[in-house]
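Structure file final.cif with mmCIF, C-alpha atoms:
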```
data_input
loop_
_atom_site.label_atom_id
_atom_site.label_comp_id
_atom_site.auth_asym_id
_atom_site.auth_seq_id
_atom_site.Cartn_x
_atom_site.Cartn_y
_atom_site.Cartn_z
CA MET U 74 1.99 38.96 36.38
CA GLU U 75 1.64 35.18 36.40
CA HIS U 76 -1.65 35.49 34.54
CA ALA U 77 -0.01 37.72 31.89
CA LEU U 78 2.82 35.19 31.45
CA ALA U 79 0.32 32.34 31.09
CA VAL U 80 -1.60 34.32 28.44
CA LEU U 81 1.65 35.04 26.54
CA GLN U 82 2.63 31.37 26.73
CA LEU U 83 -0.80 30.32 25.41
CA LYS U 84 -0.56 32.87 22.57
CA GLY U 85 2.91 31.53 21.76
CA LEU U 86 1.66 27.94 21.66
CA HIS U 87 -1.29 28.98 19.50
CA GLY U 88 1.13 30.81 17.14
CA ILE U 89 3.40 27.74 16.85
CA ARG U 90 0.39 25.48 16.11
CA HIS U 91 -0.90 27.98 13.52
CA LEU U 92 2.54 28.14 11.83
CA SER U 93 2.82 24.35 11.91
CA ASN U 94 -0.62 23.99 10.23
CA LEU U 95 0.28 26.62 7.63
CA HIS U 96 3.47 24.76 6.68
CA ALA U 97 1.60 21.44 6.70
CA TRP U 98 -1.14 22.68 4.32
CA LEU U 99 1.47 24.28 2.07
CA ALA U 100 3.18 20.87 1.89
CA ILE U 101 -0.17 19.07 1.31
CA PHE U 102 -0.96 21.43 -1.60
CA ALA U 103 2.52 20.80 -3.09
CA VAL U 104 2.14 17.01 -2.66
CA VAL U 105 -1.30 17.00 -4.36
CA ILE U 106 -0.08 19.01 -7.39
CA THR U 107 3.23 17.19 -7.88
CA SER U 108 1.95 13.66 -7.20
CA SER U 109 -1.09 14.11 -9.48
CA CYS U 110 1.17 15.32 -12.32
CA GLY U 111 3.59 12.46 -11.55
CA ASP U 112 0.80 9.84 -11.48
CA MET U 113 -0.57 11.00 -14.83
CA LEU U 114 2.86 11.11 -16.50
CA LEU U 115 3.78 7.65 -15.15
CA ALA U 116 0.41 6.19 -16.17
CA ARG U 117 0.95 7.55 -19.70
CA ALA U 118 4.48 6.11 -19.81
CA MET U 119 3.36 2.66 -18.64
CA LYS U 120 0.54 2.53 -21.20
CA GLN U 121 3.09 3.26 -23.94
CA ILE U 122 5.48 0.57 -22.70
CA GLY U 123 2.95 -2.25 -22.10
CA ASP U 124 2.50 -4.99 -19.45
CA LEU U 125 5.67 -4.81 -17.33
CA GLY U 126 5.15 -8.19 -15.62
CA GLU U 127 4.78 -10.03 -18.92
CA MET U 128 7.74 -8.19 -20.47
CA ARG U 129 9.94 -8.91 -17.42
CA ARG U 130 9.21 -12.63 -17.74
CA ARG U 131 10.01 -12.64 -21.46
CA ARG U 132 13.03 -10.27 -21.55
CA GLY U 133 14.28 -9.80 -17.97
CA LEU U 134 14.36 -6.99 -15.43
CA VAL U 135 17.27 -5.04 -16.97
CA PHE U 136 15.46 -4.82 -20.28
CA VAL U 137 12.30 -3.49 -18.61
CA ALA U 138 14.34 -0.94 -16.60
CA LEU U 139 16.10 0.29 -19.77
CA LEU U 140 12.79 0.51 -21.60
CA ALA U 141 11.32 2.67 -18.81
CA LEU U 142 14.41 4.88 -18.58
CA ARG U 143 14.17 5.68 -22.30
CA ASN U 144 10.62 6.99 -21.94
CA LYS U 145 10.41 10.78 -21.47
CA TYR U 146 7.05 10.63 -19.66
CA PHE U 147 8.56 8.18 -17.18
CA LEU U 148 11.53 10.47 -16.47
CA LEU U 149 9.26 13.52 -16.09
CA GLY U 150 6.94 11.48 -13.84
CA VAL U 151 9.84 10.38 -11.63
CA GLY U 152 10.93 14.07 -11.41
CA CYS U 153 7.43 15.06 -10.21
CA MET U 154 7.37 12.14 -7.74
CA THR U 155 10.74 13.24 -6.33
CA LEU U 156 9.34 16.73 -5.76
CA SER U 157 6.27 15.15 -4.17
CA PHE U 158 8.49 13.02 -1.91
CA TYR U 159 10.44 16.04 -0.65
CA SER U 160 7.21 18.03 -0.15
CA LEU U 161 5.92 15.09 1.93
CA LEU U 162 9.13 15.01 4.00
CA TYR U 163 8.82 18.78 4.52
CA GLY U 164 5.19 18.40 5.63
CA LEU U 165 6.05 15.49 7.96
CA SER U 166 8.70 17.62 9.64
CA TRP U 167 5.94 20.10 10.62
CA ASN U 168 2.90 17.94 11.36
CA ASN U 169 1.69 14.34 11.96
CA VAL U 170 1.34 11.68 9.29
CA SER U 171 -2.30 11.30 10.41
CA LEU U 172 -3.02 14.75 8.94
CA ILE U 173 -0.58 14.93 6.02
CA GLY U 174 -1.09 11.36 4.69
CA PRO U 175 -4.89 11.20 4.48
CA ALA U 176 -5.39 14.86 3.47
CA ALA U 177 -2.88 14.59 0.62
CA ALA U 178 -4.15 11.14 -0.44
CA SER U 179 -7.86 12.06 -0.50
CA LEU U 180 -7.27 15.29 -2.46
CA THR U 181 -4.96 13.41 -4.85
CA PHE U 182 -7.74 10.84 -5.55
CA VAL U 183 -10.09 13.57 -6.74
CA ALA U 184 -7.35 15.51 -8.63
CA ASN U 185 -6.31 12.28 -10.39
CA ALA U 186 -9.88 11.38 -11.37
CA ILE U 187 -10.25 14.83 -13.01
CA GLY U 188 -6.77 14.65 -14.59
CA ALA U 189 -7.27 11.08 -15.86
CA LYS U 190 -10.52 12.08 -17.55
CA PHE U 191 -9.19 15.19 -19.29
CA PHE U 192 -5.49 14.43 -19.87
CA LEU U 193 -5.32 10.63 -20.11
CA HIS U 194 -8.81 10.37 -21.68
CA GLU U 195 -9.66 7.41 -19.42
CA LYS U 196 -13.28 6.34 -19.26
CA VAL U 197 -14.09 7.66 -15.79
CA ASP U 198 -17.65 6.34 -15.45
CA HIS U 199 -20.02 6.78 -12.47
CA ARG U 200 -18.48 3.70 -10.84
CA ARG U 201 -14.99 5.25 -10.78
CA TRP U 202 -16.22 8.70 -9.70
CA THR U 203 -18.15 7.08 -6.85
CA ALA U 204 -15.09 5.02 -5.87
CA ALA U 205 -12.79 8.10 -5.89
CA LEU U 206 -15.25 10.11 -3.77
CA LEU U 207 -15.96 7.21 -1.35
CA VAL U 208 -12.25 6.51 -0.85
CA GLY U 209 -11.48 10.25 -0.48
CA ALA U 210 -14.25 10.71 2.13
CA GLY U 211 -13.24 7.47 3.89
CA VAL U 212 -9.62 8.57 4.15
CA ILE U 213 -10.70 11.91 5.70
CA LEU U 214 -12.93 10.11 8.25
CA MET U 215 -10.06 7.79 9.15
CA ALA U 216 -7.88 10.81 9.92
CA LEU U 217 -10.42 12.39 12.33
CA MET Z 106 -8.24 -9.93 -12.96
CA ASN Z 107 -6.01 -12.89 -12.08
CA SER Z 108 -4.22 -13.70 -8.78
CA ARG Z 109 -0.94 -12.10 -9.99
CA LYS Z 110 -2.72 -8.79 -10.53
CA TYR Z 111 -4.34 -8.95 -7.09
CA LEU Z 112 -0.87 -9.62 -5.62
CA VAL Z 113 0.54 -6.53 -7.37
CA LEU Z 114 -2.33 -4.39 -5.98
CA LEU Z 115 -1.65 -5.85 -2.52
CA GLY Z 116 2.02 -4.82 -2.90
CA VAL Z 117 0.94 -1.24 -3.71
CA SER Z 118 -1.45 -1.28 -0.70
CA VAL Z 119 1.08 -2.60 1.83
CA PHE Z 120 4.31 -0.84 0.81
CA ALA Z 121 2.89 2.72 0.60
CA PRO Z 122 1.40 3.14 4.12
CA THR Z 123 4.25 1.23 5.84
CA GLY Z 124 6.83 3.32 3.99
CA ASP Z 125 4.99 6.57 4.88
CA SER Z 126 4.78 5.54 8.56
CA LEU Z 127 8.53 4.83 8.70
CA LEU Z 128 9.25 8.18 7.03
CA SER Z 129 7.06 9.90 9.61
CA TYR Z 130 8.86 8.16 12.47
CA GLY Z 131 12.24 9.13 11.03
CA MET Z 132 11.24 12.75 10.39
CA LYS Z 133 10.11 13.10 14.02
CA GLN Z 134 13.72 12.26 14.97
CA VAL Z 135 15.16 14.67 12.37
CA GLY Z 136 12.99 17.57 13.60
CA ASN Z 137 11.44 20.59 11.85
CA VAL Z 138 13.04 21.50 8.51
CA SER Z 139 13.12 25.18 7.56
CA LEU Z 140 12.55 26.34 3.96
CA SER Z 141 15.68 28.51 4.32
CA HIS Z 142 17.81 25.35 4.83
CA PRO Z 143 16.58 22.92 2.12
CA ALA Z 144 19.82 20.88 2.38
CA GLU Z 145 18.49 19.50 5.70
CA LEU Z 146 15.86 17.61 3.67
CA LEU Z 147 18.59 15.89 1.63
CA LEU Z 148 20.48 14.98 4.82
CA ALA Z 149 17.30 13.48 6.33
CA ILE Z 150 17.84 10.43 4.07
CA ALA Z 151 20.79 9.47 6.33
CA ASN Z 152 18.31 8.67 9.14
CA PRO Z 153 17.89 4.82 9.20
CA TRP Z 154 14.09 4.99 9.55
CA VAL Z 155 13.84 7.40 6.63
CA GLY Z 156 16.21 5.08 4.68
CA LEU Z 157 14.08 2.00 5.44
CA GLY Z 158 10.96 3.99 4.51
CA ILE Z 159 12.58 4.83 1.16
CA VAL Z 160 13.36 1.13 0.51
CA LEU Z 161 9.69 0.24 1.13
CA LEU Z 162 8.57 3.13 -1.08
CA LEU Z 163 10.80 1.75 -3.86
CA GLY Z 164 8.89 -1.53 -3.48
CA PHE Z 165 5.67 0.49 -3.73
CA PHE Z 166 6.98 2.24 -6.86
CA ALA Z 167 7.81 -1.06 -8.60
CA SER Z 168 4.37 -2.55 -7.84
CA TYR Z 169 2.64 0.71 -8.76
CA MET Z 170 4.41 0.89 -12.16
CA THR Z 171 3.48 -2.74 -12.84
CA ALA Z 172 -0.17 -2.07 -11.97
CA LEU Z 173 -0.26 1.05 -14.16
CA SER Z 174 1.08 -0.97 -17.10
CA TRP Z 175 -2.12 -3.05 -17.28
CA ALA Z 176 -4.75 -0.88 -15.56
CA ASP Z 177 -6.09 2.70 -15.63
CA LEU Z 178 -4.92 5.25 -13.07
CA THR Z 179 -8.53 5.72 -11.89
CA PHE Z 180 -8.68 1.95 -11.24
CA VAL Z 181 -5.28 1.51 -9.55
CA LEU Z 182 -5.56 4.39 -7.06
CA PRO Z 183 -8.86 3.44 -5.35
CA ALA Z 184 -8.13 -0.31 -5.65
CA SER Z 185 -4.80 0.08 -3.87
CA SER Z 186 -6.17 2.18 -1.01
CA LEU Z 187 -6.91 -0.97 1.02
CA GLY Z 188 -3.60 -0.19 2.75
CA TYR Z 189 -5.37 2.39 4.93
CA VAL Z 190 -7.81 -0.31 6.05
CA LEU Z 191 -4.90 -2.68 6.68
CA LEU Z 192 -3.16 -0.08 8.87
CA ALA Z 193 -6.29 0.42 11.00
CA VAL Z 194 -6.80 -3.35 11.39
CA ILE Z 195 -3.14 -3.78 12.46
CA ALA Z 196 -3.52 -0.85 14.88
CA ARG Z 197 -6.64 -2.43 16.45
CA PHE Z 198 -5.79 -6.13 16.57
CA ILE Z 199 -1.99 -6.26 16.77
CA LEU Z 200 -1.03 -2.98 18.44
CA HIS Z 201 -4.26 -3.01 20.53
CA GLU Z 202 -4.91 0.68 19.83
CA GLN Z 203 -8.38 2.21 20.21
CA VAL Z 204 -10.04 2.64 16.80
CA SER Z 205 -12.92 5.16 16.95
CA VAL Z 206 -16.36 4.77 15.35
CA THR Z 207 -15.53 7.51 12.80
CA ARG Z 208 -12.43 5.58 11.79
CA TRP Z 209 -14.43 2.35 11.31
CA LEU Z 210 -16.91 4.38 9.23
CA GLY Z 211 -13.97 5.64 7.15
CA ILE Z 212 -12.78 2.05 6.72
CA ALA Z 213 -16.26 1.04 5.54
CA LEU Z 214 -16.29 3.89 2.97
CA VAL Z 215 -12.80 3.02 1.66
CA SER Z 216 -13.73 -0.68 1.42
CA SER Z 217 -16.93 0.06 -0.48
CA GLY Z 218 -14.98 2.38 -2.83
CA VAL Z 219 -12.50 -0.44 -3.49
CA GLY Z 220 -15.38 -2.89 -4.03
CA PHE Z 221 -17.04 -0.47 -6.50
CA VAL Z 222 -13.96 0.04 -8.66
CA THR Z 223 -12.64 -3.55 -8.68
CA SER Z 224 -16.01 -4.88 -9.86
CA GLY Z 225 -15.58 -2.89 -13.10
CA PRO Z 226 -13.11 -3.17 -16.00
CA GLU Z 227 -9.50 -2.26 -15.15
CA LEU Z 228 -8.53 -0.72 -18.50
CA THR Z 229 -10.09 1.72 -20.97
CA LYS Z 230 -9.74 -0.05 -24.34
CA ARG Z 231 -7.92 2.71 -26.13
CA TRP Z 232 -4.27 1.63 -26.66
CA PRO Z 233 -4.37 -0.74 -29.62
CA HIS Z 234 -0.82 0.07 -30.81
CA ARG Z 235 1.02 -0.10 -27.50
CA HIS Z 236 2.75 -3.45 -28.16
CA LYS Z 237 3.58 -2.35 -31.70
CA ARG Z 238 5.19 0.79 -30.21
CA ALA Z 239 7.15 -1.14 -27.63
CA GLU Z 240 8.59 -3.71 -30.01
CA PRO Z 241 10.94 -1.46 -32.10
CA VAL Z 242 12.44 -0.05 -28.87
CA ALA Z 243 12.75 -3.62 -27.58
CA THR Z 244 14.81 -4.68 -30.61
CA GLU Z 245 17.02 -1.60 -30.26
CA VAL Z 246 17.76 -2.19 -26.58
CA SER Z 247 18.46 -5.92 -26.98
CA ARG Z 248 21.24 -5.28 -29.48
#
```

Could you render the structure as structure tokens?
Amino acid sequence: MEHALAVLQLKGLHGIRHLSNLHAWLAIFAVVITSSCGDMLLARAMKQIGDLGEMRRRRGLVFVALLALRNKYFLLGVGCMTLSFYSLLYGLSWNNVSLIGPAAASLTFVANAIGAKFFLHEKVDHRRWTAALLVGAGVILMAL
Amino acid sequence: MNSRKYLVLLGVSVFAPTGDSLLSYGMKQVGNVSLSHPAELLLAIANPWVGLGIVLLLGFFASYMTALSWADLTFVLPASSLGYVLLAVIARFILHEQVSVTRWLGIALVSSGVGFVTSGPELTKRWPHRHKRAEPVATEVSR
């Protein structure tokens, strides 16, 4: 009887861990998609606007904020980042930051390198590919 | 790259991991959020740790936007990942936590990735009209 109860308890614990991992990976997938889209939209917006630091010195912070708020790519990017933020919060409510943070970050590095090459037409040379892969692998190792 | 740009990248590196850690700490207090009650996620912002995490993430966002205005996305992301290294160093030398060999290996990989990307150019020369585009909007807003 005691043995049967212990087995049931173990199965229950295993089930909870499995469910927790499922929710965590669902959240990681959502974070990777939304933050990559957000990053690309924001990068596009900032390239259209120009050097923010220089502009802030010349025209002030309010001017820079208004300039950004008038850019549609910026607004879409912020929308994607908001979704990414809530996906992250959802993931963190199910699993540790040591899994969610590095897994989402390393996959986002690779997704962004691909997206930047094809959508932003950035010159992603061997140096940048190597950097994205090294950082991605490093982040995974740090989470182990 | 001048010192101001390095400072902006440092801001991105420091604010993101500290903000994420505070969010994590706050969400542990809030507990598991079910997909059938999404409003719980909105209420989580009321937790002080989550709130403080959001403030730091706003700092991250400002530095990140500034960095993206003068550098490529594929330059900013790896270059600003030094924050992970910083977290591990703080954990080892300030919090006196045990940092495993695999984690040090990860730190070495991240650092070499950062070294690789920062030794190259930060911007693809492809936006010759960006200041010309910004100026008409600038005149309109200043009125």

Which residues of range 124-220 of chain Z have any atom within 10 Å of an atom in range 158-167 of chain U when counting all atoms listed in the file, and what is the closest pair of atoms for each, with the distance in Å to one decimal? Order the rows by chain and rising number and write it as a Markdown table.
```
| residue | atom | partner | partner_atom | distance |
| --- | --- | --- | --- | --- |
| Z:Asp125 | CA | U:Leu161 | CA | 9.1 |
| Z:Leu128 | CA | U:Leu162 | CA | 7.5 |
| Z:Ser129 | CA | U:Leu165 | CA | 5.9 |
| Z:Tyr130 | CA | U:Leu165 | CA | 9.1 |
| Z:Gly131 | CA | U:Ser166 | CA | 9.3 |
| Z:Met132 | CA | U:Ser166 | CA | 5.5 |
| Z:Lys133 | CA | U:Ser166 | CA | 6.5 |
| Z:Gln134 | CA | U:Ser166 | CA | 9.1 |
| Z:Val135 | CA | U:Ser166 | CA | 7.6 |
| Z:Gly136 | CA | U:Ser166 | CA | 5.8 |
| Z:Asn137 | CA | U:Ser166 | CA | 4.6 |
| Z:Val138 | CA | U:Ser166 | CA | 5.9 |
| Z:Ser139 | CA | U:Tyr163 | CA | 8.3 |
| Z:Leu140 | CA | U:Tyr163 | CA | 8.4 |
| Z:Pro143 | CA | U:Tyr163 | CA | 9.1 |
| Z:Glu145 | CA | U:Tyr163 | CA | 9.8 |
| Z:Leu146 | CA | U:Tyr159 | CA | 7.1 |
| Z:Leu147 | CA | U:Tyr159 | CA | 8.5 |
| Z:Ala149 | CA | U:Leu162 | CA | 8.6 |
| Z:Ile150 | CA | U:Leu162 | CA | 9.8 |
| Z:Val155 | CA | U:Leu162 | CA | 9.3 |
| Z:Ile159 | CA | U:Phe158 | CA | 9.7 |
| Z:Leu162 | CA | U:Phe158 | CA | 9.9 |
```

What gap, in Å, lies between CA of Leu156 in chain U and CA of Leu114 in chain Z?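 Distance reported for this atom pair: 24.1 Å.
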
Residues returned when the PyMOL selection byres ((chain U) within 8 of (chain Z)) runs on this file, as an NGL selection string: :U and (112-113 or 115-116 or 119-126 or 136 or 139-140 or 159 or 162-163 or 165-167 or 169-170 or 174 or 182 or 185-186 or 189 or 195-197 or 200-201 or 203-217)

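Between CA of Gly188 in chain Z and CA of Ser179 in chain U there is a distance of 13.4 Å.
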
What does the distance between CA of Leu99 in chain U and CA of Thr123 in chain Z come to in Å, to one decimal place?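 Interatomic distance, CA of Leu99 in chain U to CA of Thr123 in chain Z: 23.5 Å.
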
Out of Z:Asn107, Z:Ser141, Z:Ser185, Z:Asn152, which residue has the shortest atom-to-atom distance to Val119 in chain Z when counting all atoms listed in the file?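 Of Z:Asn107, Z:Ser141, Z:Ser185, Z:Asn152, the one nearest Val119 in chain Z is Z:Ser185, counting all atoms listed in the file.
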
Please fill the gaps in range 126-137 of chain U so it has all heavy atoms, and write that as a PDB file, keeping the file's coordinate frame.
```
ATOM      1  N   GLY U 126       4.972  -6.854 -16.176  1.00  0.00           N
ATOM      2  CA  GLY U 126       5.150  -8.190 -15.620  1.00  0.00           C
ATOM      3  C   GLY U 126       5.439  -9.208 -16.724  1.00  0.00           C
ATOM      4  O   GLY U 126       6.374 -10.003 -16.637  1.00  0.00           O
ATOM      5  N   GLU U 127       4.640  -9.116 -17.791  1.00  0.00           N
ATOM      6  CA  GLU U 127       4.780 -10.030 -18.920  1.00  0.00           C
ATOM      7  C   GLU U 127       6.139  -9.819 -19.608  1.00  0.00           C
ATOM      8  O   GLU U 127       6.856 -10.776 -19.930  1.00  0.00           O
ATOM      9  CB  GLU U 127       3.644  -9.746 -19.896  1.00  0.00           C
ATOM     10  CG  GLU U 127       3.270 -10.913 -20.758  1.00  0.00           C
ATOM     11  CD  GLU U 127       2.149 -10.513 -21.691  1.00  0.00           C
ATOM     12  OE1 GLU U 127       1.044 -10.259 -21.180  1.00  0.00           O
ATOM     13  OE2 GLU U 127       2.381 -10.450 -22.918  1.00  0.00           O
ATOM     14  N   MET U 128       6.490  -8.529 -19.789  1.00  0.00           N
ATOM     15  CA  MET U 128       7.740  -8.190 -20.470  1.00  0.00           C
ATOM     16  C   MET U 128       8.961  -8.637 -19.648  1.00  0.00           C
ATOM     17  O   MET U 128       9.961  -9.072 -20.186  1.00  0.00           O
ATOM     18  CB  MET U 128       7.788  -6.681 -20.665  1.00  0.00           C
ATOM     19  CG  MET U 128       8.426  -6.283 -21.964  1.00  0.00           C
ATOM     20  SD  MET U 128       8.198  -4.555 -22.238  1.00  0.00           S
ATOM     21  CE  MET U 128       6.572  -4.528 -22.918  1.00  0.00           C
ATOM     22  N   ARG U 129       8.835  -8.505 -18.306  1.00  0.00           N
ATOM     23  CA  ARG U 129       9.940  -8.910 -17.420  1.00  0.00           C
ATOM     24  C   ARG U 129      10.180 -10.426 -17.532  1.00  0.00           C
ATOM     25  O   ARG U 129      11.308 -10.889 -17.560  1.00  0.00           O
ATOM     26  CB  ARG U 129       9.625  -8.532 -15.973  1.00  0.00           C
ATOM     27  CG  ARG U 129      10.773  -8.780 -15.002  1.00  0.00           C
ATOM     28  CD  ARG U 129      10.385  -8.358 -13.597  1.00  0.00           C
ATOM     29  NE  ARG U 129       9.166  -9.028 -13.130  1.00  0.00           N
ATOM     30  CZ  ARG U 129       9.129 -10.256 -12.637  1.00  0.00           C
ATOM     31  NH1 ARG U 129      10.227 -10.954 -12.523  1.00  0.00           N
ATOM     32  NH2 ARG U 129       7.986 -10.777 -12.237  1.00  0.00           N
ATOM     33  N   ARG U 130       9.069 -11.168 -17.623  1.00  0.00           N
ATOM     34  CA  ARG U 130       9.210 -12.630 -17.740  1.00  0.00           C
ATOM     35  C   ARG U 130       9.860 -13.025 -19.069  1.00  0.00           C
ATOM     36  O   ARG U 130      10.677 -13.928 -19.130  1.00  0.00           O
ATOM     37  CB  ARG U 130       7.833 -13.303 -17.617  1.00  0.00           C
ATOM     38  CG  ARG U 130       7.461 -13.610 -16.173  1.00  0.00           C
ATOM     39  CD  ARG U 130       6.260 -14.552 -16.109  1.00  0.00           C
ATOM     40  NE  ARG U 130       5.093 -14.013 -16.789  1.00  0.00           N
ATOM     41  CZ  ARG U 130       4.258 -13.135 -16.237  1.00  0.00           C
ATOM     42  NH1 ARG U 130       4.462 -12.706 -15.013  1.00  0.00           N
ATOM     43  NH2 ARG U 130       3.210 -12.682 -16.902  1.00  0.00           N
ATOM     44  N   ARG U 131       9.497 -12.288 -20.136  1.00  0.00           N
ATOM     45  CA  ARG U 131      10.010 -12.640 -21.460  1.00  0.00           C
ATOM     46  C   ARG U 131      11.441 -12.156 -21.675  1.00  0.00           C
ATOM     47  O   ARG U 131      12.256 -12.833 -22.265  1.00  0.00           O
ATOM     48  CB  ARG U 131       9.092 -12.057 -22.540  1.00  0.00           C
ATOM     49  CG  ARG U 131       7.840 -12.897 -22.782  1.00  0.00           C
ATOM     50  CD  ARG U 131       7.123 -12.468 -24.045  1.00  0.00           C
ATOM     51  NE  ARG U 131       6.564 -11.127 -23.906  1.00  0.00           N
ATOM     52  CZ  ARG U 131       6.710 -10.171 -24.815  1.00  0.00           C
ATOM     53  NH1 ARG U 131       7.415 -10.378 -25.894  1.00  0.00           N
ATOM     54  NH2 ARG U 131       6.158  -8.985 -24.631  1.00  0.00           N
ATOM     55  N   ARG U 132      11.741 -10.898 -21.205  1.00  0.00           N
ATOM     56  CA  ARG U 132      13.030 -10.270 -21.550  1.00  0.00           C
ATOM     57  C   ARG U 132      13.949  -9.979 -20.363  1.00  0.00           C
ATOM     58  O   ARG U 132      15.079  -9.566 -20.568  1.00  0.00           O
ATOM     59  CB  ARG U 132      12.756  -8.944 -22.266  1.00  0.00           C
ATOM     60  CG  ARG U 132      11.836  -9.054 -23.459  1.00  0.00           C
ATOM     61  CD  ARG U 132      12.653  -9.269 -24.690  1.00  0.00           C
ATOM     62  NE  ARG U 132      11.839  -9.171 -25.863  1.00  0.00           N
ATOM     63  CZ  ARG U 132      12.267  -8.687 -27.018  1.00  0.00           C
ATOM     64  NH1 ARG U 132      13.478  -8.222 -27.126  1.00  0.00           N
ATOM     65  NH2 ARG U 132      11.475  -8.669 -28.065  1.00  0.00           N
ATOM     66  N   GLY U 133      13.433 -10.058 -19.144  1.00  0.00           N
ATOM     67  CA  GLY U 133      14.280  -9.800 -17.970  1.00  0.00           C
ATOM     68  C   GLY U 133      14.107  -8.398 -17.412  1.00  0.00           C
ATOM     69  O   GLY U 133      13.600  -7.501 -18.085  1.00  0.00           O
ATOM     70  N   LEU U 134      14.565  -8.240 -16.172  1.00  0.00           N
ATOM     71  CA  LEU U 134      14.360  -6.990 -15.430  1.00  0.00           C
ATOM     72  C   LEU U 134      15.157  -5.828 -16.011  1.00  0.00           C
ATOM     73  O   LEU U 134      14.668  -4.704 -16.091  1.00  0.00           O
ATOM     74  CB  LEU U 134      14.750  -7.228 -13.959  1.00  0.00           C
ATOM     75  CG  LEU U 134      14.374  -6.146 -12.973  1.00  0.00           C
ATOM     76  CD1 LEU U 134      12.861  -6.005 -12.855  1.00  0.00           C
ATOM     77  CD2 LEU U 134      14.958  -6.445 -11.597  1.00  0.00           C
ATOM     78  N   VAL U 135      16.406  -6.104 -16.443  1.00  0.00           N
ATOM     79  CA  VAL U 135      17.270  -5.040 -16.970  1.00  0.00           C
ATOM     80  C   VAL U 135      16.644  -4.430 -18.213  1.00  0.00           C
ATOM     81  O   VAL U 135      16.621  -3.198 -18.377  1.00  0.00           O
ATOM     82  CB  VAL U 135      18.683  -5.598 -17.288  1.00  0.00           C
ATOM     83  CG1 VAL U 135      19.589  -4.529 -17.874  1.00  0.00           C
ATOM     84  CG2 VAL U 135      19.305  -6.192 -16.033  1.00  0.00           C
ATOM     85  N   PHE U 136      16.099  -5.293 -19.055  1.00  0.00           N
ATOM     86  CA  PHE U 136      15.460  -4.820 -20.280  1.00  0.00           C
ATOM     87  C   PHE U 136      14.294  -3.878 -19.952  1.00  0.00           C
ATOM     88  O   PHE U 136      14.165  -2.803 -20.540  1.00  0.00           O
ATOM     89  CB  PHE U 136      14.961  -6.026 -21.090  1.00  0.00           C
ATOM     90  CG  PHE U 136      14.161  -5.640 -22.293  1.00  0.00           C
ATOM     91  CD1 PHE U 136      14.787  -5.232 -23.460  1.00  0.00           C
ATOM     92  CD2 PHE U 136      12.776  -5.652 -22.246  1.00  0.00           C
ATOM     93  CE1 PHE U 136      14.039  -4.849 -24.560  1.00  0.00           C
ATOM     94  CE2 PHE U 136      12.028  -5.270 -23.344  1.00  0.00           C
ATOM     95  CZ  PHE U 136      12.658  -4.870 -24.501  1.00  0.00           C
ATOM     96  N   VAL U 137      13.466  -4.294 -18.998  1.00  0.00           N
ATOM     97  CA  VAL U 137      12.300  -3.490 -18.610  1.00  0.00           C
ATOM     98  C   VAL U 137      12.760  -2.133 -18.050  1.00  0.00           C
ATOM     99  O   VAL U 137      12.200  -1.088 -18.382  1.00  0.00           O
ATOM    100  CB  VAL U 137      11.430  -4.246 -17.577  1.00  0.00           C
ATOM    101  CG1 VAL U 137      10.324  -3.370 -17.037  1.00  0.00           C
ATOM    102  CG2 VAL U 137      10.850  -5.491 -18.192  1.00  0.00           C
TER     103      VAL U 137
END
```
